[in-house]
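Novice: Have a peek at model-v8.pdb (PDB, C-alpha atoms).
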```pdb
ATOM      1  CA  MET A   1     -25.182   5.491   0.345
ATOM      2  CA  THR A   2     -22.821   7.138  -2.144
ATOM      3  CA  PHE A   3     -19.352   5.796  -2.881
ATOM      4  CA  LYS A   4     -17.815   8.743  -1.017
ATOM      5  CA  GLU A   5     -19.904   7.964   2.066
ATOM      6  CA  GLU A   6     -19.023   4.259   1.869
ATOM      7  CA  TYR A   7     -15.358   5.111   1.527
ATOM      8  CA  GLN A   8     -15.479   7.384   4.562
ATOM      9  CA  LYS A   9     -17.260   4.715   6.603
ATOM     10  CA  ARG A  10     -14.665   2.076   5.719
ATOM     11  CA  THR A  11     -11.782   4.474   6.338
ATOM     12  CA  GLU A  12     -13.077   5.286   9.806
ATOM     13  CA  ASN A  13     -13.314   1.571  10.575
ATOM     14  CA  ILE A  14      -9.715   1.034   9.434
ATOM     15  CA  GLU A  15      -8.555   3.956  11.596
ATOM     16  CA  ARG A  16     -10.265   2.259  14.553
ATOM     17  CA  ILE A  17      -8.498  -1.023  13.802
ATOM     18  CA  LEU A  18      -5.101   0.669  13.480
ATOM     19  CA  SER A  19      -5.544   2.479  16.785
ATOM     20  CA  GLN A  20      -6.596  -0.770  18.445
ATOM     21  CA  TYR A  21      -3.450  -2.605  17.343
ATOM     22  CA  LEU A  22      -0.905   0.118  18.068
ATOM     23  CA  PRO A  23       1.273  -0.576  21.133
ATOM     24  CA  PRO A  24       0.763   1.707  24.162
ATOM     25  CA  SER A  25       3.460   4.320  24.745
ATOM     26  CA  GLU A  26       5.143   3.043  27.899
ATOM     27  CA  GLY A  27       8.534   2.044  29.278
ATOM     28  CA  TYR A  28      11.952   3.580  28.680
ATOM     29  CA  GLN A  29      11.435   3.047  24.944
ATOM     30  CA  SER A  30       8.072   4.900  24.846
ATOM     31  CA  VAL A  31       9.379   7.439  22.312
ATOM     32  CA  ILE A  32       9.493   4.720  19.639
ATOM     33  CA  MET A  33       5.819   3.913  20.233
ATOM     34  CA  GLU A  34       5.071   7.624  19.861
ATOM     35  CA  ALA A  35       7.005   7.768  16.581
ATOM     36  CA  MET A  36       5.194   4.651  15.336
ATOM     37  CA  GLU A  37       1.826   6.237  16.110
ATOM     38  CA  TYR A  38       2.841   9.538  14.527
ATOM     39  CA  SER A  39       3.794   7.710  11.335
ATOM     40  CA  LEU A  40       0.885   5.262  11.161
ATOM     41  CA  MET A  41      -1.897   7.677  12.069
ATOM     42  CA  ALA A  42      -0.821  10.415   9.659
ATOM     43  CA  GLY A  43      -3.776   9.674   7.411
ATOM     44  CA  GLY A  44      -3.638   8.491   3.819
ATOM     45  CA  LYS A  45      -5.906   6.496   1.551
ATOM     46  CA  ARG A  46      -5.761   3.283   3.635
ATOM     47  CA  LEU A  47      -5.852   1.546   0.265
ATOM     48  CA  ARG A  48      -4.163  -1.708   1.228
ATOM     49  CA  PRO A  49      -6.217  -2.653   4.301
ATOM     50  CA  MET A  50      -9.364  -1.610   2.453
ATOM     51  CA  LEU A  51      -8.538  -3.828  -0.510
ATOM     52  CA  MET A  52      -7.763  -6.687   1.877
ATOM     53  CA  GLN A  53     -11.103  -6.343   3.614
ATOM     54  CA  GLU A  54     -12.997  -6.155   0.326
ATOM     55  CA  ALA A  55     -11.241  -9.251  -1.034
ATOM     56  CA  PHE A  56     -12.097 -11.049   2.212
ATOM     57  CA  SER A  57     -15.762 -10.072   1.820
ATOM     58  CA  LEU A  58     -15.792 -10.972  -1.873
ATOM     59  CA  PHE A  59     -15.118 -14.626  -1.051
ATOM     60  CA  GLY A  60     -17.515 -14.757   1.886
ATOM     61  CA  GLY A  61     -15.035 -14.165   4.701
ATOM     62  CA  GLN A  62     -16.526 -13.487   8.113
ATOM     63  CA  GLY A  63     -15.212 -12.571  11.551
ATOM     64  CA  GLU A  64     -12.359 -10.446  12.871
ATOM     65  CA  VAL A  65      -9.453 -12.665  11.805
ATOM     66  CA  ILE A  66      -8.814 -10.267   8.922
ATOM     67  CA  GLU A  67      -8.265  -7.262  11.215
ATOM     68  CA  PRO A  68      -4.720  -7.961  12.486
ATOM     69  CA  PHE A  69      -3.640  -8.491   8.877
ATOM     70  CA  MET A  70      -5.278  -5.208   7.868
ATOM     71  CA  ALA A  71      -3.286  -3.425  10.558
ATOM     72  CA  ALA A  72      -0.123  -5.300   9.580
ATOM     73  CA  ILE A  73      -0.258  -4.391   5.881
ATOM     74  CA  GLU A  74      -0.664  -0.706   6.735
ATOM     75  CA  MET A  75       2.242  -0.881   9.192
ATOM     76  CA  ILE A  76       4.447  -2.381   6.484
ATOM     77  CA  HIS A  77       3.359   0.234   3.954
ATOM     78  CA  THR A  78       3.954   3.023   6.486
ATOM     79  CA  TYR A  79       7.428   1.797   7.422
ATOM     80  CA  SER A  80       8.387   1.861   3.744
ATOM     81  CA  LEU A  81       7.264   5.491   3.504
ATOM     82  CA  VAL A  82       9.164   6.458   6.666
ATOM     83  CA  HIS A  83      12.349   4.992   5.194
ATOM     84  CA  ASP A  84      11.628   6.452   1.736
ATOM     85  CA  ASP A  85      11.559   9.937   3.239
ATOM     86  CA  LEU A  86      14.964   9.615   4.942
ATOM     87  CA  PRO A  87      17.886  11.818   3.808
ATOM     88  CA  ALA A  88      19.677   8.776   2.378
ATOM     89  CA  MET A  89      16.662   8.003   0.170
ATOM     90  CA  ASP A  90      14.278  10.712  -1.149
ATOM     91  CA  ASN A  91      15.117  13.269   1.557
ATOM     92  CA  ASP A  92      11.544  14.580   1.829
ATOM     93  CA  ASP A  93      10.455  16.876   4.662
ATOM     94  CA  TYR A  94       6.688  16.484   4.191
ATOM     95  CA  ARG A  95       4.351  13.521   3.809
ATOM     96  CA  ARG A  96       0.539  13.709   3.770
ATOM     97  CA  GLY A  97       0.699  17.415   4.481
ATOM     98  CA  ARG A  98       2.800  17.284   7.647
ATOM     99  CA  LYS A  99       6.444  16.892   8.621
ATOM    100  CA  THR A 100       7.971  13.478   8.014
ATOM    101  CA  THR A 101       8.938  11.203  10.868
ATOM    102  CA  HIS A 102      12.679  11.801  10.683
ATOM    103  CA  VAL A 103      12.160  15.573  10.677
ATOM    104  CA  VAL A 104      10.100  15.382  13.876
ATOM    105  CA  TYR A 105      12.018  12.668  15.753
ATOM    106  CA  GLY A 106      15.467  12.803  14.176
ATOM    107  CA  GLU A 107      17.063  10.586  11.549
ATOM    108  CA  ASP A 108      18.095   7.929  14.069
ATOM    109  CA  LEU A 109      14.581   7.453  15.412
ATOM    110  CA  GLY A 110      13.183   7.727  11.896
ATOM    111  CA  ILE A 111      15.180   4.628  10.984
ATOM    112  CA  LEU A 112      14.173   2.849  14.185
ATOM    113  CA  ALA A 113      10.503   3.797  13.806
ATOM    114  CA  GLY A 114      10.460   2.171  10.378
ATOM    115  CA  ASP A 115      12.200  -0.913  11.751
ATOM    116  CA  ALA A 116       9.744  -1.058  14.650
ATOM    117  CA  LEU A 117       6.696  -0.824  12.387
ATOM    118  CA  LEU A 118       7.988  -3.629  10.168
ATOM    119  CA  ASN A 119       8.704  -5.964  13.051
ATOM    120  CA  TYR A 120       5.507  -5.095  14.901
ATOM    121  CA  ALA A 121       3.494  -5.756  11.748
ATOM    122  CA  PHE A 122       4.342  -9.449  11.983
ATOM    123  CA  GLU A 123       3.726  -9.515  15.736
ATOM    124  CA  THR A 124       0.313  -8.055  14.950
ATOM    125  CA  ALA A 125      -0.563 -10.424  12.103
ATOM    126  CA  ALA A 126       0.442 -13.407  14.268
ATOM    127  CA  ARG A 127      -2.341 -12.511  16.710
ATOM    128  CA  ALA A 128      -4.709 -14.126  14.211
ATOM    129  CA  PHE A 129      -3.538 -17.551  15.428
ATOM    130  CA  ASP A 130      -5.006 -16.823  18.875
ATOM    131  CA  MET A 131      -8.209 -15.423  17.392
ATOM    132  CA  ASP A 132      -9.003 -18.475  15.271
ATOM    133  CA  PRO A 133      -6.725 -21.457  16.169
ATOM    134  CA  GLY A 134      -8.727 -23.810  13.999
ATOM    135  CA  ARG A 135      -7.662 -21.983  10.853
ATOM    136  CA  SER A 136      -3.922 -22.037  11.484
ATOM    137  CA  LEU A 137      -3.082 -23.375   8.018
ATOM    138  CA  CYS A 138      -4.701 -20.527   6.106
ATOM    139  CA  ILE A 139      -3.344 -17.966   8.607
ATOM    140  CA  GLY A 140       0.124 -19.398   8.082
ATOM    141  CA  ARG A 141      -0.339 -19.188   4.300
ATOM    142  CA  ALA A 142      -1.445 -15.557   4.654
ATOM    143  CA  LEU A 143       1.690 -14.805   6.679
ATOM    144  CA  GLN A 144       3.827 -16.426   3.969
ATOM    145  CA  ILE A 145       2.265 -14.181   1.342
ATOM    146  CA  LEU A 146       2.646 -11.075   3.488
ATOM    147  CA  ALA A 147       6.320 -11.773   4.214
ATOM    148  CA  GLY A 148       7.159 -12.695   0.624
ATOM    149  CA  LYS A 149       5.504  -9.660  -0.946
ATOM    150  CA  ALA A 150       7.201  -7.329   1.546
ATOM    151  CA  GLY A 151      10.682  -8.789   1.148
ATOM    152  CA  ILE A 152      13.530  -9.102  -1.328
ATOM    153  CA  TYR A 153      11.293 -10.742  -3.947
ATOM    154  CA  GLY A 154       8.668  -8.069  -3.383
ATOM    155  CA  MET A 155       8.632  -4.467  -2.182
ATOM    156  CA  ILE A 156      12.210  -4.317  -0.879
ATOM    157  CA  GLY A 157      13.531  -5.901  -4.062
ATOM    158  CA  GLY A 158      11.787  -3.258  -6.144
ATOM    159  CA  GLN A 159      13.101  -0.513  -3.903
ATOM    160  CA  VAL A 160      16.671  -1.812  -4.271
ATOM    161  CA  VAL A 161      16.525  -1.699  -8.072
ATOM    162  CA  ASP A 162      14.868   1.718  -7.930
ATOM    163  CA  VAL A 163      17.600   3.165  -5.688
ATOM    164  CA  LYS A 164      20.414   1.657  -7.741
ATOM    165  CA  SER A 165      18.844   2.994 -10.945
ATOM    166  CA  SER A 166      18.533   6.583  -9.736
ATOM    167  CA  GLY A 167      20.249   9.026 -12.047
ATOM    168  CA  THR A 168      20.392   6.568 -14.954
ATOM    169  CA  VAL A 169      18.122   5.965 -17.913
ATOM    170  CA  ILE A 170      16.550   2.516 -17.618
ATOM    171  CA  SER A 171      14.495   0.392 -19.983
ATOM    172  CA  GLY A 172      10.742   0.018 -19.868
ATOM    173  CA  GLU A 173      11.245  -3.610 -18.864
ATOM    174  CA  LYS A 174      13.284  -2.669 -15.796
ATOM    175  CA  LEU A 175      10.814   0.097 -14.908
ATOM    176  CA  ASP A 176       7.957  -2.426 -15.008
ATOM    177  CA  PHE A 177       9.993  -4.711 -12.727
ATOM    178  CA  ILE A 178      10.488  -1.875 -10.232
ATOM    179  CA  TYR A 179       6.809  -0.918 -10.261
ATOM    180  CA  ARG A 180       5.605  -4.512 -10.026
ATOM    181  CA  LEU A 181       7.657  -5.089  -6.898
ATOM    182  CA  LYS A 182       7.938  -1.690  -5.229
ATOM    183  CA  THR A 183       4.297  -0.659  -5.633
ATOM    184  CA  GLY A 184       2.397  -3.699  -6.841
ATOM    185  CA  ALA A 185       3.644  -6.299  -4.371
ATOM    186  CA  LEU A 186       1.818  -4.923  -1.308
ATOM    187  CA  ILE A 187      -1.369  -4.421  -3.331
ATOM    188  CA  GLU A 188      -1.061  -8.039  -4.461
ATOM    189  CA  ALA A 189      -0.488  -9.112  -0.843
ATOM    190  CA  SER A 190      -3.583  -7.224   0.282
ATOM    191  CA  MET A 191      -5.938  -8.883  -2.174
ATOM    192  CA  MET A 192      -4.343 -12.317  -1.887
ATOM    193  CA  VAL A 193      -4.351 -12.363   1.926
ATOM    194  CA  GLY A 194      -8.002 -11.306   1.967
ATOM    195  CA  ALA A 195      -8.860 -14.163  -0.376
ATOM    196  CA  VAL A 196      -6.768 -16.734   1.514
ATOM    197  CA  LEU A 197      -8.315 -15.860   4.876
ATOM    198  CA  ALA A 198     -11.752 -16.298   3.301
ATOM    199  CA  ASP A 199     -10.776 -19.830   2.176
ATOM    200  CA  ALA A 200     -10.699 -18.982  -1.531
ATOM    201  CA  GLY A 201      -9.195 -21.636  -3.817
ATOM    202  CA  SER A 202      -5.711 -21.355  -5.262
ATOM    203  CA  LYS A 203      -7.082 -20.410  -8.693
ATOM    204  CA  GLN A 204      -9.099 -17.580  -7.198
ATOM    205  CA  VAL A 205      -6.126 -16.357  -5.167
ATOM    206  CA  GLY A 206      -4.083 -16.339  -8.377
ATOM    207  CA  GLN A 207      -6.779 -14.310 -10.110
ATOM    208  CA  MET A 208      -6.683 -11.766  -7.315
ATOM    209  CA  GLU A 209      -2.918 -11.535  -7.636
ATOM    210  CA  ALA A 210      -3.205 -10.871 -11.375
ATOM    211  CA  ILE A 211      -5.864  -8.181 -10.887
ATOM    212  CA  ALA A 212      -3.798  -6.513  -8.157
ATOM    213  CA  ARG A 213      -0.693  -6.560 -10.348
ATOM    214  CA  LYS A 214      -2.495  -4.537 -13.011
ATOM    215  CA  VAL A 215      -3.979  -2.190 -10.431
ATOM    216  CA  GLY A 216      -0.542  -1.606  -8.910
ATOM    217  CA  LEU A 217       0.978  -0.748 -12.278
ATOM    218  CA  ALA A 218      -1.854   1.628 -13.220
ATOM    219  CA  PHE A 219      -1.662   3.214  -9.755
ATOM    220  CA  GLN A 220       2.076   3.881 -10.107
ATOM    221  CA  ILE A 221       1.797   5.273 -13.628
ATOM    222  CA  GLN A 222      -0.887   7.651 -12.361
ATOM    223  CA  ASP A 223       1.528   8.600  -9.561
ATOM    224  CA  ASP A 224       4.123   9.461 -12.219
ATOM    225  CA  ILE A 225       1.594  11.693 -13.949
ATOM    226  CA  LEU A 226       0.551  13.446 -10.739
ATOM    227  CA  ASP A 227       4.190  14.140  -9.834
ATOM    228  CA  VAL A 228       4.312  16.313 -12.947
ATOM    229  CA  THR A 229       0.788  17.743 -13.136
ATOM    230  CA  SER A 230      -0.338  18.183  -9.524
ATOM    231  CA  THR A 231       0.741  20.486  -6.702
ATOM    232  CA  GLU A 232       2.248  19.937  -3.260
ATOM    233  CA  ALA A 233      -0.890  21.402  -1.668
ATOM    234  CA  VAL A 234      -3.087  18.782  -3.355
ATOM    235  CA  LEU A 235      -0.776  15.777  -2.941
ATOM    236  CA  GLY A 236       0.443  16.596   0.560
ATOM    237  CA  LYS A 237       4.022  15.800  -0.504
ATOM    238  CA  PRO A 238       6.644  17.388  -2.776
ATOM    239  CA  VAL A 239       6.024  17.288  -6.530
ATOM    240  CA  HIS A 240       8.620  17.003  -9.306
ATOM    241  CA  SER A 241      10.632  14.703  -7.009
ATOM    242  CA  ASP A 242      11.146  12.240  -9.874
ATOM    243  CA  GLU A 243      12.726  14.969 -11.989
ATOM    244  CA  ARG A 244      14.805  16.189  -9.028
ATOM    245  CA  ASN A 245      16.117  12.666  -8.417
ATOM    246  CA  ALA A 246      16.651  12.029 -12.157
ATOM    247  CA  LYS A 247      14.338   9.018 -12.147
ATOM    248  CA  THR A 248      13.034   7.285 -15.224
ATOM    249  CA  THR A 249       9.224   7.140 -15.130
ATOM    250  CA  TYR A 250       6.416   6.339 -17.548
ATOM    251  CA  VAL A 251       6.130  10.077 -18.201
ATOM    252  CA  THR A 252       9.808  10.394 -19.184
ATOM    253  CA  LEU A 253       9.623   7.220 -21.291
ATOM    254  CA  LYS A 254       6.206   7.647 -22.909
ATOM    255  CA  GLY A 255       5.069  11.210 -22.337
ATOM    256  CA  ILE A 256       2.031  12.293 -20.318
ATOM    257  CA  GLU A 257      -0.547  11.554 -23.020
ATOM    258  CA  GLU A 258       0.632   7.986 -23.653
ATOM    259  CA  ALA A 259       1.079   7.363 -19.927
ATOM    260  CA  GLY A 260      -2.538   8.423 -19.390
ATOM    261  CA  ARG A 261      -3.706   6.113 -22.178
ATOM    262  CA  LEU A 262      -1.865   3.201 -20.572
ATOM    263  CA  VAL A 263      -3.519   3.898 -17.222
ATOM    264  CA  GLY A 264      -6.885   3.540 -18.934
ATOM    265  CA  GLN A 265      -5.940   0.387 -20.829
ATOM    266  CA  ILE A 266      -4.449  -1.427 -17.828
ATOM    267  CA  SER A 267      -7.309  -0.451 -15.535
ATOM    268  CA  ARG A 268      -9.889  -1.732 -18.036
ATOM    269  CA  GLU A 269      -8.063  -5.067 -18.155
ATOM    270  CA  ALA A 270      -8.088  -5.256 -14.351
ATOM    271  CA  MET A 271     -11.795  -4.450 -14.163
ATOM    272  CA  ALA A 272     -12.640  -7.047 -16.813
ATOM    273  CA  SER A 273     -10.844  -9.697 -14.743
ATOM    274  CA  LEU A 274     -12.668  -8.586 -11.582
ATOM    275  CA  HIS A 275     -16.016  -8.848 -13.350
ATOM    276  CA  GLU A 276     -15.266 -12.492 -14.121
ATOM    277  CA  LEU A 277     -15.188 -13.094 -10.360
ATOM    278  CA  GLN A 278     -17.922 -10.635  -9.447
ATOM    279  CA  PRO A 279     -20.151  -9.809 -12.452
ATOM    280  CA  GLN A 280     -22.331  -7.264 -10.628
ATOM    281  CA  ASP A 281     -21.144  -3.769  -9.820
ATOM    282  CA  SER A 282     -19.452  -3.716  -6.431
ATOM    283  CA  TYR A 283     -17.784  -1.368  -3.991
ATOM    284  CA  LEU A 284     -14.478  -3.111  -4.746
ATOM    285  CA  GLY A 285     -14.779  -2.216  -8.431
ATOM    286  CA  GLN A 286     -15.619   1.396  -7.631
ATOM    287  CA  LEU A 287     -12.698   1.513  -5.190
ATOM    288  CA  LEU A 288     -10.206   0.250  -7.751
ATOM    289  CA  GLU A 289     -11.355   2.768 -10.338
ATOM    290  CA  SER A 290     -11.278   5.670  -7.875
ATOM    291  CA  LEU A 291      -7.735   4.811  -6.797
ATOM    292  CA  ILE A 292      -6.415   4.433 -10.315
ATOM    293  CA  TYR A 293      -8.012   7.631 -11.615
ATOM    294  CA  ARG A 294      -7.284   9.667  -8.490
ATOM    295  CA  ASP A 295      -6.096  13.284  -8.503
ATOM    296  CA  LYS A 296      -3.992  13.016  -5.328
TER     297      LYS A 296
END
```
Represent the supplied structure as structure tokens.

Specialist:
Amino acid sequence: MTFKEEYQKRTENIERILSQYLPPSEGYQSVIMEAMEYSLMAGGKRLRPMLMQEAFSLFGGQGEVIEPFMAAIEMIHTYSLVHDDLPAMDNDDYRRGRKTTHVVYGEDLGILAGDALLNYAFETAARAFDMDPGRSLCIGRALQILAGKAGIYGMIGGQVVDVKSSGTVISGEKLDFIYRLKTGALIEASMMVGAVLADAGSKQVGQMEAIARKVGLAFQIQDDILDVTSTEAVLGKPVHSDERNAKTTYVTLKGIEEAGRLVGQISREAMASLHELQPQDSYLGQLLESLIYRDK
């Protein structure tokens, strides 16, 4: 089976899991369930749940205990996109080739849909306790990681610095801080949670965090490049948004050529670290490379 076929197979499985964990649209508040589904099932790479599942498999994890966490990480990622697109943030009308949540449901329900996805993510992840009560300690540790990487010392913290830096020229050090938290933190959470739920040791979990940190940085630098070189039709979202919002990026700091070189360097470092854990070629390695060197 080719990598493309494997990727499609895994994506379809993730879509099944997401659909399974979405709340039914019922009650007076049913419109919020509809908005949650509209946002979550809009497509996308499903990178984070896929990385989580692969990390789980890498360390011999078995069973369905990983599935509620896979759904949860994608709900958290999706809520961040819903809020990113709001008029007060990036003010984007399209995401993944279709209208953004606030355009379809209104700004008020766009805010609430993001809030609902975030809260429901933790309701969903907590279902793992009922699925495997005997492993409550590692499930609790996985929840700690998920919450920490999504919060003020993770994704939200990076977003805060990013928003407050808009329209100003910032240093490379601050840009790395933003990328490490805003983009890298959920990738780190994905690979760490997968390892923890597979009973990996603390050293191995730390190695996964370090690999994910490099992957997250390379992924975001490539995103900077694509914002300049790609088209809205290919990306499914507006291009040149960084320039429009006067944001400092690796392209504005280093230029496209140097930014591309850094993507290669950082990704090679990440792959070398992965090969220390898994010397043979693996789907996980192919996945990381395909995501870093993507064209959309």

Novice: Calculate how many Å separate atom CA of A:Gln204 from atom CA of A:Glu188, rounding to one decimal.

Specialist: 12.8 Å

Novice: Name the residues captured by the PyMOL selection byres ((chain A and resi 217) around 12) when it is applied to the shown file; answer as a count of residues only.

Specialist: 41

Novice: Which residue is closest to A:Gly44? Choose from A:Thr78, A:Thr229, A:Thr252, A:Ser202 and count all atoms listed in the file.

Specialist: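 Distance minimum relative to A:Gly44 lands on A:Thr78.
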
Novice: Could you please determine the separation between atom CA of A:Glu209 and atom CA of A:Ser190 in Å, to one decimal place?

Specialist: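 Going from atom CA of A:Glu209 over to atom CA of A:Ser190 covers 9.0 Å.
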
Novice: Just how far from atom CA of A:Ile152 is atom CA of A:Glu37, in Å to one decimal?

Specialist: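 We find that atom CA of A:Glu37 and atom CA of A:Ile152 lie 26.0 Å from each other.
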
Novice: As a check of understanding, name the residues that the PyMOL selection byres ((chain A and resi 192) around 9) selects in the supplied structure, as a ChimeraX atom specification.

Specialist: /A:52,55-56,142,145-146,187-191,193-197,204-209,212

Novice: From the list A:Gln144, A:Ser80, A:Gln20, A:Thr100, which residue is nearest A:Leu118 when using all atoms listed in the file?

Specialist: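 Closest to A:Leu118, using all atoms listed in the file: A:Ser80.
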
Novice: Please determine, counting only C-alpha atoms, which residue among A:Gly106, A:Thr2, A:Ile256, A:Leu288 has the shortest atom-to-atom distance to A:Arg48.

Specialist: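 Looking at the shortest contact to A:Arg48, the residue is A:Leu288.
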
Novice: I need every residue sitting at most 10 Å from the point (8.7, 2.2, 19.8) (coordinates as in the file, all atoms listed in the file considered), written as a PyMOL selection string.

Specialist: chain A and resi 22-37+109+112-117+120

Novice: Could you check which of A:Met271, A:Val103, A:Ala88, A:Ile17 is closest to A:Met75, using all atoms listed in the file?

Specialist: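 Ranked by minimum distance to A:Met75, first place goes to A:Ile17.
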
Novice: Compare A:Ile139, A:Ala126, A:Leu86, A:Leu253 by their minimum atom-to-atom distance to A:Val169, counting all atoms listed in the file, and give me the closest one.

Specialist: A:Leu253

Novice: With the PyMOL selection byres ((chain A and resi 42) around 9) as the selection, what would be picked from this file? Answer as JSON, numbers by chain, please.

Specialist: {"A": [37, 38, 39, 40, 41, 43, 44, 95, 96, 97, 98]}

Novice: Which residue gives the smallest distance to A:Asn119 among A:Met131, A:Leu137, A:Ala150, A:Val104, with all atoms listed in the file counted?

Specialist: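 Residue with the minimum atom-to-atom distance to A:Asn119: A:Ala150.
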
Novice: Counting only C-alpha atoms, note down every residue that has an atom within 12 Å of the point (17.9, 3.1, -7.2) (file coordinates), as a PyMOL selection string.

Specialist: chain A and resi 84+88-90+156-170+174-175+178+182+242+245-248
